[in-house]
Amino acid sequence: MDLFSLKSLVFSLCFIGPSVGQKIVSESPAQAYLGENTTLKILIENEPSNIITWNFKGGNQILNVALLRPEGVKVNERYKGRASIDSANGHLTLTSAQLNDSGNYTVLVLGENTTEIGIVKLHVVDILHPNLTLLAPSSEELQQKKLTLTCLGNKGFPSDWQLRWHVNGSSQVHWKEEWGPVRRLDDDHYTWSSFLTVDEENWKKISSVTCRAILGSLAPVSVTLKIN
């Protein structure tokens with residue numbers, strides 16, 4: 001099949017919808033956070049002789065993303081450096097997801113005797129990094145046997161951010177972690193809180209404490225407090 005015939009078939013099938021045969025992609029929508037890498041997977045086994053094309057449909061616009069043929073992968077100019085197809089399994093990977101990547105992705109698998117098509121919906125979620133504040137124990141607490149550090153995350157989005165502690169890089173320090181409830185603000189942003197408690201003996205071993213806000217595979221936001 002020449003490239004012109006292949007494109008004509010792909011565009012026609014994109015408007016018709018998925019075939020009624022076996023499911024070749026997940027029925028559940030895929031989700032990625034803004035800036036995150038995401039992979040859209042094919043559920044069937046890929047044969048080396050297959051031709052696989054991934055296309056994007058947003059509104060009335062249909063774009064070819066990438067095409068896998070036995071001789072190699074060809075990526076649309078718009079997706080150069082951001083899209084790739086794994087030649088072993090046919091999965092499509094998008095790096096640094098953008099908000100305008102949200103939409104329907106059609107995959108067409110042309111085998112020697114079969115033609116399979118599937119559609120998976122991708123939703124890219126906007127994010128806002130929370131502002132982190134790390135509070136040391138009060139002077140009164142320093143006189144007690146238990147000391148608590150507080151990490152506050154303010155005005156982030158979405159609510160899926162998680163606060164995690166990293167103490168001194170040493171497994172010899174023992175501490176207790178607790179988390180407060182996630183609170184939604186009037187502007188639809190969120191706040192988080194987490195508390196780290198140590199006894200006096202372990203406090204003396206600590207040189208620094210880091211609180212990190214983590215979301216998916218994105219690079220974490222962090223704040224560090226030097227202690228001793």
# chains A, B, ... in the order shown; residues from 1 in each chain; ligands from 1
call {"tool": "residues_around", "arguments": {"residues": "Leu163 of chain A", "least_positions_apart": "3", "cutoff": "7 Å", "atoms": "only C-alpha atoms", "output": "tab-separated table (two decimals) with all heavy atoms, in the first residue's frame"}}
result
chain	number	residue	atom	x	y	z
A	194	SER	N	1.89	18.47	56.15
A	194	SER	CA	2.49	17.22	56.60
A	194	SER	C	3.38	17.52	57.81
A	194	SER	O	3.97	18.61	57.90
A	194	SER	CB	3.30	16.55	55.48
A	194	SER	OG	3.81	15.30	55.92
A	211	CYS	N	11.42	18.70	52.48
A	211	CYS	CA	10.02	18.36	52.17
A	211	CYS	C	9.83	18.50	50.67
A	211	CYS	O	10.24	19.51	50.07
A	211	CYS	CB	9.07	19.29	52.93
A	211	CYS	SG	7.33	19.00	52.54
A	212	ARG	N	9.23	17.49	50.06
A	212	ARG	CA	9.03	17.49	48.62
A	212	ARG	C	7.55	17.36	48.27
A	212	ARG	O	6.83	16.58	48.89
A	212	ARG	CB	9.79	16.32	47.97
A	212	ARG	CG	11.31	16.46	48.07
A	212	ARG	CD	11.99	15.20	47.60
A	212	ARG	NE	13.45	15.35	47.61
A	212	ARG	CZ	14.30	14.34	47.63
A	212	ARG	NH1	13.85	13.09	47.63
A	212	ARG	NH2	15.61	14.55	47.64
A	213	ALA	N	7.14	18.12	47.28
A	213	ALA	CA	5.80	17.97	46.72
A	213	ALA	C	5.92	17.17	45.43
A	213	ALA	O	6.67	17.56	44.52
A	213	ALA	CB	5.16	19.33	46.45
A	214	ILE	N	5.22	16.04	45.35
A	214	ILE	CA	5.39	15.09	44.26
A	214	ILE	C	4.07	14.92	43.51
A	214	ILE	O	2.99	14.80	44.11
A	214	ILE	CB	5.86	13.72	44.81
A	214	ILE	CG1	7.23	13.88	45.49
A	214	ILE	CG2	5.94	12.68	43.70
A	214	ILE	CD1	7.69	12.64	46.22
call {"tool": "residues_around", "arguments": {"residues": "Thr53 of chain A", "least_positions_apart": "4", "cutoff": "7 Å", "atoms": "only C-alpha atoms", "output": "ChimeraX atom specification"}}
result
/A:66-68,107-109
call {"tool": "closest_residue", "arguments": {"among": "A:Leu147, A:Trp179, A:Ile42, A:Val223", "to": "Lys23 of chain A", "atoms": "only C-alpha atoms"}}
result
A:Ile42
call {"tool": "closest_residue", "arguments": {"among": "A:Leu142, A:Val209, A:Leu132, A:Leu122", "to": "Trp165 of chain A", "atoms": "only C-alpha atoms"}}
result
A:Val209
call {"tool": "select_by_dssp", "arguments": {"residues": "segment 14-199 of chain A", "states": "strand (DSSP E)", "output": "count of residues only"}}
result
91
call {"tool": "select_by_dssp", "arguments": {"residues": "segment 26-198 of chain A", "states": "helix (DSSP H, G or I)", "output": "list in words"}}
result
Glu77, Arg78, Tyr79, Leu99, Asn100, Asp101, Glu141, Leu142 and Gln143 of chain A
call {"tool": "atom_distance", "arguments": {"atom1": "atom CA of Asp160 of chain A", "atom2": "atom CA of Gln98 of chain A"}}
result
18.5 Å
call {"tool": "closest_residue", "arguments": {"among": "A:Thr150, A:Trp192, A:Leu134, A:Glu201", "to": "Ser222 of chain A", "atoms": "only C-alpha atoms"}}
result
A:Leu134
call {"tool": "atom_distance", "arguments": {"atom1": "atom CA of Val167 of chain A", "atom2": "atom CA of Ser138 of chain A"}}
result
18.7 Å
